[in-house]
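Enquirer: Please see the structure below; I have some questions.
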Amino acid sequence: MSYQDPSPTVLVVEDDPHLLRLVELMLVSGGFAVVTAGTASGGLDLVRERAGRFDLAVIDMVMPGVSGLDLATDLAREYPNLTILYISGYIGSLATEALSRRSPERVLLKPFTAEELLSRVRMLLDIAPRREAGPAAQLTAPDTSKGTPG
């Protein structure tokens, strides 16, 4: 990516407002433009409003109402070129395990660090890594596998 290139734009869909903000901070610290939604339907509306002009969507797999997997299915049908990274705190779920076996690079388990998130996002977008500076590089997403949905 050259200096004049715009920052890649990432949609983050996460129902936990604290984790949503944390993931947003992590991505912004890595040089990404970030748009957030707290629900799957809100995420789908944002993608439609922007005619699919996102470089990547980071989607929580388990959300109340419409799940992240259902959202991803809708997005894949309407915007097949949109890259999706799933985040999940449910390590043992069948959906997480199946997706991890089929496309392990597209699943990031909570808790994760800013470095892990940025590394995965850059890999999926085929962007060269850069050295992280600043406090967000030290942030870690909480472990939600012990009861908090995620």
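Identifiers in this document derive from the order of the structure tokens: chains are assigned A, B, ..., residues are numbered from 1 separately in each chain, and ligands are numbered from 1 in order of occurrence.
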Please identify all polymer residues within 10 Å of region 72-87 of chain A, counting only C-alpha atoms, omitting same-chain residues fewer than 4 positions from it, and present them as a VMD selection string.
Expert: chain A and resid 10 to 14 40 43 to 44 47 to 48 51 to 62 67 to 68 96 99 to 100 103 to 112 117 120 to 121 124 to 125 150
Enquirer: Please provide the set of residues having any atom within 10 Å of Glu24 (chain A), restricted to only C-alpha atoms, with same-chain residues fewer than 6 positions apart removed, written as a PyMOL selection string.
Expert: chain A and resi 10-12+18+30+32-36+136
Enquirer: So, counting only C-alpha atoms, which residue among A:Gly38, A:Met26, A:Gly31, A:Thr9 is closest to Arg50 (chain A)?
Expert: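 That would be A:Thr9, the residue with the smallest distance to Arg50 (chain A).
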Enquirer: Among region 39-86 of chain A, which residues does DSSP mark as alpha helix (DSSP H) when it is run on the backbone? Keep the chain and numbering as in the structure and answer as an NGL selection string.
Expert: :A and (40-49 or 68-78)
Enquirer: Separation of CA of Leu69 (chain A) and CA of Glu115 (chain A), in Å?
Expert: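 Computed distance, CA of Leu69 (chain A) to CA of Glu115 (chain A), equals 24.6 Å.
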Enquirer: Which residue out of A:Ser29, A:Pro6, A:Met63, A:Leu19 has the minimum interatomic distance to Ala114 (chain A) when only C-alpha atoms are used?
Expert: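 Counting only C-alpha atoms, the residue closest to Ala114 (chain A) is A:Ser29.
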Enquirer: For CA of Arg122 (chain A) and CA of Val28 (chain A), quote the distance in Å rounded to one decimal.
Expert: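 Going from CA of Arg122 (chain A) over to CA of Val28 (chain A), I get 12.9 Å.
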